[in-house]
Structure formats: structure tokens, C-alpha cells
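Asker: Contents of structure19.csv (CSV, C-alpha atoms) are given next:
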```
chain,number,residue,atom,x,y,z
A,1,MET,CA,-43.8,-29.3,8.6
A,2,SER,CA,-45.1,-29.1,5.1
A,3,TRP,CA,-47.9,-26.6,4.7
A,4,CYS,CA,-51.2,-27.2,3.0
A,5,ASN,CA,-52.7,-23.9,1.9
A,6,PRO,CA,-56.6,-24.0,1.8
A,7,VAL,CA,-56.9,-21.8,-1.3
A,8,ASN,CA,-55.1,-23.0,-4.4
A,9,GLU,CA,-54.3,-21.3,-7.7
A,10,GLY,CA,-57.3,-21.7,-9.9
A,11,CYS,CA,-59.8,-21.3,-7.0
A,12,SER,CA,-62.1,-18.3,-7.4
A,13,LEU,CA,-60.7,-16.7,-4.2
A,14,TYR,CA,-57.1,-17.0,-5.2
A,15,ASN,CA,-56.7,-13.9,-7.4
A,16,GLU,CA,-58.8,-11.8,-5.1
A,17,ILE,CA,-56.6,-12.7,-2.1
A,18,ARG,CA,-53.4,-12.2,-4.2
A,19,ASP,CA,-54.5,-8.7,-5.2
A,20,ILE,CA,-55.2,-7.7,-1.6
A,21,ILE,CA,-51.8,-9.0,-0.5
A,22,GLU,CA,-50.3,-6.7,-3.2
A,23,ASP,CA,-52.3,-3.8,-1.9
A,24,ILE,CA,-51.1,-4.4,1.6
A,25,TYR,CA,-47.5,-4.6,0.4
A,26,PHE,CA,-47.5,-1.4,-1.5
A,27,PHE,CA,-49.3,0.4,1.3
A,28,LEU,CA,-46.8,-0.7,3.9
A,29,ALA,CA,-43.7,-0.4,1.8
A,30,LYS,CA,-44.4,2.9,0.2
A,31,ASN,CA,-46.5,4.7,2.8
A,32,ASN,CA,-44.5,5.9,5.8
A,33,GLU,CA,-46.7,8.9,6.7
A,34,GLU,CA,-47.4,7.5,10.2
A,35,PRO,CA,-44.2,6.8,12.2
A,36,LEU,CA,-44.2,3.5,13.9
A,37,GLY,CA,-42.1,2.4,16.9
A,38,GLU,CA,-39.8,-0.6,16.8
A,39,SER,CA,-42.0,-3.2,18.3
A,40,LEU,CA,-43.2,-6.7,17.4
A,41,PHE,CA,-46.9,-6.5,17.8
A,42,GLU,CA,-47.7,-2.9,17.0
A,43,GLY,CA,-44.6,-1.5,15.2
A,44,ASN,CA,-42.0,-1.9,12.5
A,45,ILE,CA,-40.7,-5.4,13.5
A,46,GLY,CA,-44.1,-6.9,12.7
A,47,LYS,CA,-44.1,-4.9,9.4
A,48,ALA,CA,-40.7,-6.3,8.5
A,49,ILE,CA,-41.9,-9.9,9.2
A,50,PHE,CA,-44.7,-9.4,6.7
A,51,LEU,CA,-42.2,-7.9,4.1
A,52,ALA,CA,-40.0,-11.0,4.6
A,53,TYR,CA,-42.7,-13.5,4.0
A,54,TYR,CA,-44.0,-11.4,1.0
A,55,SER,CA,-40.4,-11.5,-0.4
A,56,LYS,CA,-40.4,-15.3,-0.2
A,57,PHE,CA,-44.0,-15.6,-1.6
A,58,LYS,CA,-43.2,-13.4,-4.6
A,59,ASN,CA,-39.6,-14.5,-5.0
A,60,THR,CA,-38.4,-10.9,-5.1
A,61,SER,CA,-35.7,-9.1,-3.3
A,62,GLU,CA,-37.3,-5.7,-3.4
A,63,PRO,CA,-38.8,-5.9,0.1
A,64,LEU,CA,-35.4,-6.6,1.6
A,65,GLU,CA,-34.4,-2.9,1.1
A,66,TYR,CA,-37.3,-1.8,3.3
A,67,ILE,CA,-36.4,-4.5,5.9
A,68,ASP,CA,-32.8,-3.4,6.0
A,69,GLU,CA,-33.9,0.1,6.7
A,70,ILE,CA,-36.1,-1.0,9.6
A,71,VAL,CA,-33.2,-3.0,11.0
A,72,ARG,CA,-30.8,-0.1,10.7
A,73,ASN,CA,-33.2,2.1,12.6
A,74,VAL,CA,-33.5,-0.4,15.4
A,75,PHE,CA,-29.8,-0.1,16.1
A,76,LYS,CA,-29.4,3.6,15.3
A,77,ASP,CA,-30.8,4.8,18.6
A,78,HIS,CA,-32.5,1.9,20.4
A,79,ALA,CA,-32.8,3.9,23.6
A,80,LYS,CA,-35.3,6.1,21.8
A,81,THR,CA,-37.0,3.7,19.4
A,82,ILE,CA,-37.6,0.7,21.8
A,83,ASN,CA,-40.1,1.2,24.5
A,84,GLY,CA,-39.4,-1.0,27.6
A,85,CYS,CA,-38.7,-4.7,27.7
A,86,SER,CA,-42.0,-6.3,27.0
A,87,PHE,CA,-42.7,-8.8,24.2
A,88,ALA,CA,-45.6,-6.9,22.7
A,89,GLU,CA,-44.1,-3.4,22.7
A,90,GLY,CA,-40.5,-3.6,23.7
A,91,LEU,CA,-37.1,-5.2,23.6
A,92,SER,CA,-38.1,-8.8,24.1
A,93,GLY,CA,-40.4,-8.7,21.0
A,94,VAL,CA,-37.8,-6.8,19.0
A,95,ILE,CA,-35.1,-9.4,19.7
A,96,TRP,CA,-37.4,-12.3,18.9
A,97,GLY,CA,-38.5,-10.6,15.7
A,98,LEU,CA,-35.0,-9.8,14.5
A,99,ASN,CA,-33.9,-13.4,15.1
A,100,HIS,CA,-36.9,-14.7,13.3
A,101,LEU,CA,-36.2,-12.4,10.4
A,102,ASN,CA,-32.7,-13.7,10.2
A,103,ASP,CA,-34.0,-17.3,10.2
A,104,ILE,CA,-36.2,-16.5,7.2
A,105,GLU,CA,-33.8,-14.3,5.2
A,106,ARG,CA,-30.2,-13.7,6.2
A,107,LEU,CA,-30.1,-9.9,6.5
A,108,SER,CA,-27.1,-7.9,5.5
A,109,GLU,CA,-27.9,-5.1,8.0
A,110,LEU,CA,-28.3,-7.5,11.0
A,111,ASP,CA,-25.4,-8.6,13.1
A,112,ILE,CA,-27.0,-11.0,15.5
A,113,SER,CA,-24.1,-10.7,17.9
A,114,GLU,CA,-25.1,-7.1,18.5
A,115,LEU,CA,-28.2,-8.4,20.3
A,116,SER,CA,-26.1,-10.0,23.0
A,117,MET,CA,-25.5,-6.6,24.6
A,118,PHE,CA,-29.1,-6.9,26.0
A,119,ASN,CA,-28.8,-10.4,27.4
A,120,GLU,CA,-27.9,-9.8,31.0
A,121,PHE,CA,-30.4,-6.9,31.3
A,122,LEU,CA,-33.3,-9.0,29.9
A,123,HIS,CA,-32.5,-11.9,32.2
A,124,GLU,CA,-32.8,-9.4,35.2
A,125,VAL,CA,-36.2,-8.3,33.9
A,126,TYR,CA,-37.3,-11.9,33.5
A,127,LEU,CA,-36.3,-12.7,37.1
A,128,GLU,CA,-38.2,-9.6,38.3
A,129,ASN,CA,-41.3,-10.6,36.5
A,130,LEU,CA,-41.1,-14.1,38.0
A,131,LYS,CA,-40.7,-12.6,41.4
A,132,ASN,CA,-43.9,-10.6,40.8
A,133,ASN,CA,-45.7,-13.7,39.6
A,134,ASN,CA,-46.1,-12.0,36.2
A,135,TYR,CA,-46.2,-14.8,33.6
A,136,ASP,CA,-47.9,-12.7,30.9
A,137,LEU,CA,-46.9,-13.2,27.2
A,138,PHE,CA,-47.3,-9.5,26.3
A,139,TYR,CA,-45.8,-7.8,29.3
A,140,GLY,CA,-44.3,-10.5,31.5
A,141,ALA,CA,-41.9,-13.4,31.9
A,142,ILE,CA,-43.1,-15.6,29.0
A,143,GLY,CA,-42.4,-12.8,26.6
A,144,ASN,CA,-38.9,-12.2,28.1
A,145,LEU,CA,-38.2,-15.9,27.8
A,146,PHE,CA,-39.1,-15.9,24.1
A,147,ALA,CA,-36.1,-13.6,23.5
A,148,ILE,CA,-33.7,-15.2,25.9
A,149,LEU,CA,-34.2,-18.7,24.5
A,150,TYR,CA,-32.6,-17.6,21.2
A,151,ASN,CA,-29.3,-17.1,23.0
A,152,ASP,CA,-27.3,-20.1,24.2
A,153,GLN,CA,-24.6,-18.0,25.9
A,154,LEU,CA,-26.4,-16.3,28.7
A,155,VAL,CA,-27.5,-19.1,31.1
A,156,SER,CA,-28.4,-22.7,30.5
A,157,LYS,CA,-31.9,-23.7,29.5
A,158,ASP,CA,-32.0,-25.8,32.7
A,159,VAL,CA,-31.3,-22.8,34.8
A,160,LEU,CA,-33.9,-20.7,33.0
A,161,PHE,CA,-36.5,-23.4,33.6
A,162,HIS,CA,-35.7,-23.9,37.3
A,163,GLU,CA,-35.8,-20.2,37.8
A,164,PHE,CA,-39.3,-20.2,36.4
A,165,PHE,CA,-40.5,-23.4,38.1
A,166,ASP,CA,-39.2,-22.4,41.6
A,167,CYS,CA,-41.4,-19.3,41.5
A,168,PHE,CA,-44.3,-20.9,39.7
A,169,LYS,CA,-44.8,-23.8,42.1
A,170,LYS,CA,-45.1,-21.3,45.0
A,171,TYR,CA,-47.8,-19.4,43.2
A,172,VAL,CA,-50.0,-22.0,41.5
A,173,LEU,CA,-53.1,-23.3,43.2
A,174,ILE,CA,-53.4,-27.1,43.1
A,175,ASP,CA,-56.5,-29.0,44.2
A,176,THR,CA,-58.8,-31.7,43.0
A,177,ASN,CA,-60.0,-29.5,40.1
A,178,GLY,CA,-56.5,-29.1,38.7
A,179,TRP,CA,-53.8,-26.4,38.4
A,180,ARG,CA,-54.5,-22.7,38.1
A,181,TRP,CA,-53.2,-19.3,39.1
A,182,LYS,CA,-54.7,-15.9,39.6
A,183,ALA,CA,-54.2,-12.8,37.4
A,184,ILE,CA,-55.6,-9.3,37.4
A,185,ILE,CA,-58.8,-9.3,35.3
A,186,ASN,CA,-59.5,-5.6,35.8
A,187,LYS,CA,-57.5,-2.8,37.3
A,188,ASN,CA,-60.2,-0.3,38.0
A,189,PRO,CA,-62.2,-1.5,39.8
A,190,PHE,CA,-59.7,-4.1,40.9
A,191,LEU,CA,-60.7,-7.7,40.1
A,192,GLU,CA,-58.7,-10.9,40.3
A,193,GLY,CA,-59.6,-14.2,38.7
A,194,TYR,CA,-58.5,-17.1,36.5
A,195,ASN,CA,-57.8,-15.8,33.0
A,196,LEU,CA,-58.5,-18.4,30.3
A,197,GLY,CA,-57.3,-16.4,27.3
A,198,LEU,CA,-54.5,-17.5,25.0
A,199,ALA,CA,-53.2,-13.9,25.0
A,200,HIS,CA,-52.8,-13.3,28.8
A,201,GLY,CA,-54.1,-16.4,30.6
A,202,ILE,CA,-53.5,-19.9,31.8
A,203,PRO,CA,-53.5,-21.5,28.3
A,204,SER,CA,-50.8,-18.9,27.3
A,205,LEU,CA,-48.2,-20.2,29.7
A,206,LEU,CA,-48.9,-23.9,28.9
A,207,SER,CA,-48.8,-23.3,25.2
A,208,PHE,CA,-45.5,-21.6,25.5
A,209,LEU,CA,-44.0,-24.5,27.4
A,210,LEU,CA,-45.4,-27.1,25.0
A,211,ASN,CA,-44.2,-25.1,21.9
A,212,ASN,CA,-40.7,-24.8,23.4
A,213,SER,CA,-40.5,-28.2,25.0
A,214,SER,CA,-37.5,-29.1,22.9
A,215,TYR,CA,-35.5,-26.5,24.8
A,216,PHE,CA,-36.4,-28.1,28.2
A,217,GLU,CA,-36.0,-31.8,27.5
A,218,THR,CA,-34.3,-32.5,30.8
A,219,ASN,CA,-37.4,-30.9,32.5
A,220,SER,CA,-40.0,-32.9,30.6
A,221,LYS,CA,-41.4,-34.4,33.8
A,222,CYS,CA,-42.2,-30.9,35.2
A,223,ILE,CA,-43.8,-29.9,31.9
A,224,LYS,CA,-46.0,-33.0,32.0
A,225,GLN,CA,-47.1,-32.2,35.6
A,226,ILE,CA,-48.0,-28.7,34.6
A,227,THR,CA,-49.8,-29.9,31.5
A,228,TYR,CA,-51.9,-32.6,33.3
A,229,GLY,CA,-52.8,-30.1,36.0
A,230,VAL,CA,-53.8,-27.2,33.7
A,231,LEU,CA,-55.8,-29.4,31.3
A,232,LYS,CA,-57.6,-31.0,34.3
A,233,TYR,CA,-58.7,-27.6,35.4
A,234,LEU,CA,-59.7,-26.6,31.8
A,235,SER,CA,-61.7,-29.8,31.5
A,236,TYR,CA,-63.4,-29.1,34.8
A,237,ILE,CA,-64.4,-25.7,33.6
A,238,ARG,CA,-65.8,-27.2,30.3
A,239,ASN,CA,-67.8,-29.8,32.2
A,240,CYS,CA,-69.3,-27.2,34.5
A,241,ASP,CA,-71.3,-25.8,31.5
A,242,PHE,CA,-70.7,-22.2,32.5
A,243,CYS,CA,-71.7,-20.6,29.2
A,244,ASP,CA,-74.5,-20.7,26.7
A,245,LEU,CA,-72.6,-20.2,23.4
A,246,SER,CA,-68.9,-20.8,24.0
A,247,MET,CA,-67.5,-23.9,25.8
A,248,PHE,CA,-65.3,-21.7,27.9
A,249,PRO,CA,-65.7,-18.3,29.5
A,250,PRO,CA,-63.0,-15.6,29.1
A,251,PHE,CA,-62.2,-15.8,32.8
A,252,ILE,CA,-63.5,-17.3,36.1
A,253,ILE,CA,-64.2,-15.3,39.2
A,254,GLU,CA,-64.3,-17.4,42.4
A,255,ASN,CA,-67.5,-17.3,44.5
A,256,ASN,CA,-69.4,-15.7,41.6
A,257,SER,CA,-72.9,-17.1,41.4
A,258,LYS,CA,-73.7,-15.4,38.1
A,259,LYS,CA,-73.7,-17.1,34.7
A,260,CYS,CA,-70.3,-16.5,33.0
A,261,ASP,CA,-70.0,-14.4,29.9
A,262,ASN,CA,-69.5,-16.2,26.6
A,263,SER,CA,-66.1,-15.9,25.1
A,264,ARG,CA,-65.6,-14.3,21.7
A,265,LEU,CA,-64.5,-16.3,18.7
A,266,GLY,CA,-60.9,-15.2,18.1
A,267,TRP,CA,-57.3,-15.6,19.0
A,268,CYS,CA,-57.0,-13.6,22.2
A,269,TYR,CA,-59.8,-15.3,24.2
A,270,GLY,CA,-62.1,-18.2,23.7
A,271,ASP,CA,-62.5,-21.7,22.6
A,272,LEU,CA,-60.0,-21.7,19.7
A,273,GLY,CA,-57.0,-20.8,21.8
A,274,ILE,CA,-57.9,-23.4,24.4
A,275,GLY,CA,-58.5,-26.0,21.7
A,276,ILE,CA,-55.0,-25.3,20.3
A,277,THR,CA,-53.6,-25.8,23.7
A,278,PHE,CA,-55.2,-29.2,24.0
A,279,TRP,CA,-54.0,-30.2,20.6
A,280,LEU,CA,-50.4,-29.1,21.4
A,281,ALA,CA,-50.5,-31.1,24.6
A,282,GLY,CA,-51.7,-34.2,22.7
A,283,ASN,CA,-49.0,-33.8,20.1
A,284,VAL,CA,-46.1,-33.2,22.5
A,285,LEU,CA,-47.1,-35.8,25.0
A,286,ASN,CA,-48.4,-38.3,22.4
A,287,ASN,CA,-51.8,-38.3,24.2
A,288,GLU,CA,-54.8,-39.1,22.0
A,289,CYS,CA,-57.3,-38.2,24.7
A,290,TYR,CA,-56.1,-34.6,24.6
A,291,LYS,CA,-56.3,-34.5,20.8
A,292,ARG,CA,-59.9,-35.8,21.0
A,293,ASP,CA,-60.7,-33.1,23.5
A,294,ALA,CA,-59.3,-30.5,21.0
A,295,ILE,CA,-61.3,-31.9,18.2
A,296,THR,CA,-64.5,-31.7,20.3
A,297,ILE,CA,-63.7,-28.0,21.0
A,298,PHE,CA,-63.0,-27.2,17.4
A,299,ASN,CA,-66.1,-29.0,16.1
A,300,HIS,CA,-68.2,-26.9,18.5
A,301,SER,CA,-66.6,-23.7,17.3
A,302,ILE,CA,-67.2,-24.2,13.6
A,303,LYS,CA,-70.9,-23.9,14.2
A,304,ARG,CA,-70.5,-20.3,15.4
A,305,CYS,CA,-70.9,-18.0,12.4
A,306,ASP,CA,-72.8,-14.9,13.5
A,307,LEU,CA,-70.4,-11.9,13.7
A,308,LYS,CA,-72.3,-9.9,16.3
A,309,GLU,CA,-73.1,-12.9,18.5
A,310,ASN,CA,-69.4,-14.0,18.5
A,311,PHE,CA,-68.0,-10.4,19.0
A,312,VAL,CA,-66.2,-10.3,15.7
A,313,PHE,CA,-66.2,-6.7,14.7
A,314,ASP,CA,-63.0,-6.1,12.7
A,315,LEU,CA,-60.3,-7.5,10.5
A,316,SER,CA,-57.4,-7.8,13.0
A,317,PHE,CA,-55.6,-11.0,14.1
A,318,CYS,CA,-55.9,-10.4,17.8
A,319,HIS,CA,-59.7,-10.3,18.1
A,320,GLY,CA,-60.9,-10.1,14.5
A,321,VAL,CA,-61.7,-12.3,11.5
A,322,SER,CA,-58.2,-12.7,10.2
A,323,GLY,CA,-57.1,-14.5,13.4
A,324,ILE,CA,-60.1,-16.9,13.0
A,325,VAL,CA,-59.1,-17.6,9.4
A,326,HIS,CA,-55.5,-18.4,10.4
A,327,ILE,CA,-56.3,-20.6,13.5
A,328,TYR,CA,-58.6,-22.8,11.4
A,329,ASN,CA,-55.9,-22.9,8.7
A,330,ARG,CA,-53.4,-24.0,11.4
A,331,ILE,CA,-55.9,-26.6,12.8
A,332,TYR,CA,-56.4,-27.9,9.3
A,333,ASN,CA,-52.7,-28.4,8.9
A,334,TYR,CA,-52.4,-30.1,12.3
A,335,THR,CA,-55.3,-32.5,11.8
A,336,LEU,CA,-55.7,-32.6,7.9
A,337,LYS,CA,-59.4,-32.8,8.6
A,338,SER,CA,-61.2,-31.1,5.7
A,339,GLU,CA,-63.9,-29.5,7.8
A,340,TYR,CA,-61.3,-27.1,9.2
A,341,LYS,CA,-60.1,-26.2,5.7
A,342,VAL,CA,-63.8,-25.4,4.9
A,343,ALA,CA,-64.0,-23.3,8.1
A,344,SER,CA,-60.9,-21.3,7.2
A,345,VAL,CA,-62.2,-20.6,3.7
A,346,LYS,CA,-65.6,-19.7,5.0
A,347,TRP,CA,-64.1,-17.0,7.3
A,348,LEU,CA,-61.9,-15.9,4.4
A,349,GLU,CA,-65.0,-15.2,2.4
A,350,ILE,CA,-66.5,-13.3,5.4
A,351,LEU,CA,-63.3,-11.3,5.5
A,352,LEU,CA,-63.6,-10.4,1.8
A,353,LYS,CA,-67.4,-9.9,1.6
A,354,GLU,CA,-68.2,-8.4,5.0
A,355,PHE,CA,-65.2,-6.2,5.6
A,356,ILE,CA,-63.2,-5.5,2.5
A,357,LYS,CA,-66.1,-5.4,0.1
A,358,ASP,CA,-64.0,-4.6,-3.1
A,359,GLN,CA,-63.0,-1.3,-1.5
A,360,PRO,CA,-59.6,0.3,-1.8
A,361,ILE,CA,-57.2,-0.3,1.0
A,362,GLU,CA,-57.4,3.3,2.2
A,363,ILE,CA,-61.0,2.7,3.1
A,364,TRP,CA,-61.2,-0.9,4.3
A,365,LYS,CA,-58.2,-0.5,6.6
A,366,ASP,CA,-60.4,1.6,8.7
A,367,ASN,CA,-62.3,-1.6,9.6
A,368,ILE,CA,-59.3,-2.4,11.8
A,369,THR,CA,-59.8,-1.1,15.3
A,370,GLY,CA,-57.8,2.1,15.5
A,371,GLY,CA,-56.5,1.7,12.0
A,372,GLY,CA,-53.7,-0.6,13.3
A,373,ARG,CA,-50.4,-0.9,11.5
A,374,GLY,CA,-48.9,-3.8,13.5
A,375,LEU,CA,-48.8,-7.6,13.3
A,376,LEU,CA,-51.4,-8.1,16.1
A,377,THR,CA,-54.0,-5.5,15.2
A,378,GLY,CA,-53.0,-4.2,11.8
A,379,LEU,CA,-52.2,-4.7,8.2
A,380,PRO,CA,-49.0,-6.8,8.6
A,381,GLY,CA,-50.9,-9.5,10.5
A,382,ILE,CA,-53.8,-9.6,8.0
A,383,GLY,CA,-51.2,-9.8,5.1
A,384,LEU,CA,-49.4,-12.7,6.7
A,385,VAL,CA,-52.7,-14.6,7.2
A,386,LEU,CA,-53.6,-14.0,3.5
A,387,ILE,CA,-50.2,-15.2,2.3
A,388,SER,CA,-50.6,-18.3,4.5
A,389,SER,CA,-53.9,-19.0,2.9
A,390,ILE,CA,-52.5,-19.2,-0.7
A,391,SER,CA,-48.8,-20.1,-0.1
A,392,ILE,CA,-47.1,-23.4,0.6
A,393,GLN,CA,-44.6,-21.7,2.9
A,394,GLU,CA,-45.2,-22.6,6.6
A,395,PRO,CA,-46.1,-19.5,8.6
A,396,LYS,CA,-43.5,-19.9,11.3
A,397,TRP,CA,-44.2,-16.3,12.4
A,398,ASP,CA,-47.3,-17.6,14.3
A,399,LYS,CA,-44.9,-19.1,16.9
A,400,CYS,CA,-44.9,-15.7,18.6
A,401,LEU,CA,-48.7,-16.1,18.9
A,402,LEU,CA,-48.3,-19.5,20.6
A,403,LEU,CA,-49.9,-21.4,17.6
A,404,SER,CA,-46.8,-23.4,16.6
```
Translate the structure of the given file into C-alpha cells.

Answerer:
Amino acid sequence: MSWCNPVNEGCSLYNEIRDIIEDIYFFLAKNNEEPLGESLFEGNIGKAIFLAYYSKFKNTSEPLEYIDEIVRNVFKDHAKTINGCSFAEGLSGVIWGLNHLNDIERLSELDISELSMFNEFLHEVYLENLKNNNYDLFYGAIGNLFAILYNDQLVSKDVLFHEFFDCFKKYVLIDTNGWRWKAIINKNPFLEGYNLGLAHGIPSLLSFLLNNSSYFETNSKCIKQITYGVLKYLSYIRNCDFCDLSMFPPFIIENNSKKCDNSRLGWCYGDLGIGITFWLAGNVLNNECYKRDAITIFNHSIKRCDLKENFVFDLSFCHGVSGIVHIYNRIYNYTLKSEYKVASVKWLEILLKEFIKDQPIEIWKDNITGGGRGLLTGLPGIGLVLISSISIQEPKWDKCLLLS
């Protein structure tokens, strides 16, 4: 799709954003004092994706040298540099990230065929996660499937889907309120419930299926069933009026008589991710009712501006202000409704005035929880959001965050 950036050259914000992008680039490219692992969300793969989009944005080949170095390090000793098989921190995210990098900029140091050595192993991990009813994006089957779908040689897409659906239909609870499934909400003390977050919950799995529906065309009937069932449940939750501020709580605990907590405004949990899920369903299934539901959710969310009240405490993509900026930008590009462009720019101004405050990067980066260096909670994610706000290049990187 063509991309409409909300901040154009000549706008008062443009030069300020461009300068911050430069600061992020030079900090990430030149400053290697803190060693990072080879992971998508918290390590060098996310950093490399920022460098690739920066290269396109500036029309310069300089960042490719740094990207090639990262790619070489991945294959130099992957047993030591890659931690496990998860999408967030391990092999699945690395494989998705390397393939995405190759889609953006053919990399001299990347031989895609080398990734095939992991195919059979990743498939076994995927099956084990399905067996354990672990459908999590970060640490479960959805994340494994992200990597596996890039490869046509392992098993057919039909087989992959049926492996998923055969396990899923045994686990999902179906009643008059819709489709849902339990997840661990808290390990200590142990608490189970229905997770409504885009990062780890029910919307996560549905958004993944909708965003990748082209891979599963022969299974479109099953995907429609899941979509209708899940959105029926989410509509039931919305109509129950559980919350005072947000339309949806972060999770539901059965037989809990207490008023539910409000969800934060952000990517990981809350109304924005659920709204995106409704919009994707409307788009994929050509269902205008779902699109109207999405617009209702989005319109409610743009009234929420108070940082403390909405649990917006840092700059990160995951649970901070840059994720809000980008989601409204993505919504604007889906709907072409000017109010979402206004919302994205408003949160950009908050990012600049409340968090960066004309400070050098060495100071304002400490406004990121833990001083993160990854795509999800660090500088690369913030940089990618800022590039998307002033560039006409579509941010296809946000597919890994279930937004496209």
C-alpha cells in the first residue's frame, strides 16, 4: 500500500524529527559499548532493521556496512549468540528479521539458504508449543509460525494450519458469548484468565491469522469461524461495560465480582490493539460492521490524553508513547480519516515535549524503561516510528507487531 506520512517537509515538526532520527542513527551505529544479543525485539536484529529503513530514508549505503556486520555475527557462532527459539528473544525472531532485511535490501552477507538448516528443528518446537496450548507471539507457536511461513520447502501451508487447528479446537472454549481460551495471567501467585492484549492474548492469535490469511487461502472457512467467534466474545466484553476509562480490560478472570482494571493506552494491551484486530477482520472478510466497530473503539481512544491516567510512562513502542504514535499513524493509513492523523501528530508532540525535551540522546534515552536498545523497548523502535512519521516508505516492519 502507498504510505501517507502525517508530518510533511515544511511542517514545524519535520526538522526536529529528522534531527532526532539522525541522533538515533549515530548512537546505534557508532556506539557499541553495550553488547547486544542476536534477537528481534531486544537485540541486534531489531537494530539492523532500523538501519535498513534509515538507509532507504536517507538514500545512503553507509548503514549497510553495520548491517552486514550484524548478519556475519549471527552466523559466526549462532549457538552462543541466539538464545532459544522464541520470536521475541530467539531463533524464530532472528529468522523472520533476516528474511525481512533481505526483502528490504538484498544483503551481500546473507545467504538465505543457510537459514534452512533450522527448519526441521523449528517445526518440532512449533508442534511442542501447540501440544502445550502455547499460542503466544513472543514465546509460543505464533512466533514460531512467523519464521516457518517464510520457507516453502519444509511442510505445506495446509499442513501447518491443520496442525494448529487440530490442537486449537480442542482447547478453545465456545459458548453463546463467543470463542476464547485461557492463558496464564500471573505465575506467582498463579492466576489464569482470558488475556485481551495484542502482545500475548486472544487478539494476538486472531491478528496473526488475519495478517497472514493469504498463506492459508484453502483454510479461509476455518479462519472465518475463528474470527466470528473471537470478535463475538470481544464484543460481549465491550458491551458488559467492565471498565471506567478503557473500553476493554487487559484480561478477564472468571467469577471475579470486582470491577476490572482499565487497560493502558499502548500497543501491548488495551483498546488500540483490539481496534486494529476489528479493522483487520473487516478488511480481510470485507465486513463493514467490523470496520465500524473498529472506528468506535478508535474514536473512544483519541479522547484519552492524560499520561498518568493512561499508564504512559516512557518512550518505548511496547507500552510507551512511540507505539501510540505509530498505531494512530497506521490507523490513519488504513482509514484515511484525518482525526487519526491529528492523533498521531498530537502524540508525536507529546513524545518531543514531554520526554525528549530538546535534551541530548544520552540523557533522553534514559526515559526508556531499562534504557532499552531493541525494537520493542528501545531506540530502534522509536527510530522506526519517527521515520514512518516523515517518510513515504511503508513501514512493513510492523508486521512483526501484528499491525499489518

Asker: Neighbours of Asp261 of chain A within 9 Å (only C-alpha atoms; same-chain residues fewer than 6 positions away dropped), as a VMD selection string?

Answerer: chain A and resid 242 to 244 246 248 to 251

Asker: Next, write the just-selected residues to a file, as a JSON list (two decimals), keeping the file's coordinate frame, keeping C-alpha atoms as the atom set.

Answerer:
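The resulting selection-v7.json:
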```json
[["chain", "number", "residue", "atom", "x", "y", "z"],
["A", 242, "PHE", "CA", -70.70, -22.20, 32.50],
["A", 243, "CYS", "CA", -71.70, -20.60, 29.20],
["A", 244, "ASP", "CA", -74.50, -20.70, 26.70],
["A", 246, "SER", "CA", -68.90, -20.80, 24.00],
["A", 248, "PHE", "CA", -65.30, -21.70, 27.90],
["A", 249, "PRO", "CA", -65.70, -18.30, 29.50],
["A", 250, "PRO", "CA", -63.00, -15.60, 29.10],
["A", 251, "PHE", "CA", -62.20, -15.80, 32.80]]
```

Asker: Which is closer to Glu69 of chain A than all the others in A:Phe57, A:Asn44, A:Leu101, A:Ser389, using all atoms listed in the file?

Answerer: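 Going through A:Phe57, A:Asn44, A:Leu101, A:Ser389 one by one, the smallest distance to Glu69 of chain A is for A:Asn44.
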
Asker: Have a look at A:Asn134, A:Thr277, A:Thr227, A:Asn151 and name the one nearest to Leu196 of chain A; count all atoms listed in the file.

Answerer: A:Thr277

Asker: With 9 Å as the cut-off and only C-alpha atoms counted, what is the closest atom pair between each nearby residue of segment 28-101 of chain A and segment 136-144 of chain A? Distances in Å to one decimal, ordered by chain and number, as a tab-separated table.

Answerer:
```
residue	atom	partner	partner_atom	distance
A:Cys85	CA	A:Asn144	CA	7.5
A:Ser86	CA	A:Tyr139	CA	4.7
A:Phe87	CA	A:Gly143	CA	4.7
A:Ala88	CA	A:Phe138	CA	4.8
A:Glu89	CA	A:Phe138	CA	7.8
A:Gly90	CA	A:Tyr139	CA	8.8
A:Leu91	CA	A:Asn144	CA	8.5
A:Ser92	CA	A:Asn144	CA	5.3
A:Gly93	CA	A:Gly143	CA	7.2
```

Asker: Which value, in Å to one decimal, gives the distance between atom CA of Ile223 of chain A and atom CA of Glu163 of chain A?

Answerer: 13.9 Å

Asker: Choose the residue, out of A:Leu209, A:Tyr135, A:Asn333, A:Thr218, that has the smallest atom-to-atom separation from Glu394 of chain A; count all atoms listed in the file.

Answerer: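 Ranked by minimum distance to Glu394 of chain A, first place goes to A:Asn333.
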
Asker: I'd like to know which of A:Leu13, A:Ala29, A:Leu384, A:Met1 is closest to Leu352 of chain A, using only C-alpha atoms.

Answerer: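 The closest residue to Leu352 of chain A is A:Leu13.
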
Asker: Generate the coordinates of N, CA, C and O atoms for segment 195-204 of chain A; report them as a compact mmCIF listing (two decimals), in the coordinates of the input.

Answerer:
```
# COMPACT_ATOMS: atom_id res chain seq x y z
N ASN A 195 -57.69 -16.23 34.40
CA ASN A 195 -57.80 -15.80 33.00
C ASN A 195 -57.61 -17.02 32.10
O ASN A 195 -56.61 -17.75 32.19
N LEU A 196 -58.57 -17.24 31.20
CA LEU A 196 -58.50 -18.40 30.30
C LEU A 196 -58.19 -18.05 28.88
O LEU A 196 -58.40 -18.86 27.97
N GLY A 197 -57.63 -16.86 28.65
CA GLY A 197 -57.30 -16.40 27.30
C GLY A 197 -55.92 -16.88 26.86
O GLY A 197 -55.00 -16.99 27.67
N LEU A 198 -55.76 -17.10 25.57
CA LEU A 198 -54.50 -17.50 25.00
C LEU A 198 -53.51 -16.26 25.06
O LEU A 198 -52.30 -16.43 25.13
N ALA A 199 -54.04 -15.06 25.02
CA ALA A 199 -53.20 -13.90 25.00
C ALA A 199 -52.55 -13.62 26.37
O ALA A 199 -51.37 -13.27 26.46
N HIS A 200 -53.32 -13.75 27.46
CA HIS A 200 -52.80 -13.30 28.80
C HIS A 200 -53.05 -14.36 29.87
O HIS A 200 -52.71 -14.09 31.02
N GLY A 201 -53.63 -15.51 29.56
CA GLY A 201 -54.10 -16.40 30.60
C GLY A 201 -53.38 -17.69 30.80
O GLY A 201 -52.25 -17.89 30.34
N ILE A 202 -54.05 -18.61 31.47
CA ILE A 202 -53.50 -19.90 31.80
C ILE A 202 -53.08 -20.71 30.55
O ILE A 202 -51.99 -21.28 30.52
N PRO A 203 -53.90 -20.74 29.48
CA PRO A 203 -53.50 -21.50 28.30
C PRO A 203 -52.19 -20.88 27.65
O PRO A 203 -51.44 -21.60 26.99
N SER A 204 -51.96 -19.59 27.87
CA SER A 204 -50.80 -18.90 27.30
C SER A 204 -49.50 -19.55 27.81
O SER A 204 -48.62 -19.92 27.04
```
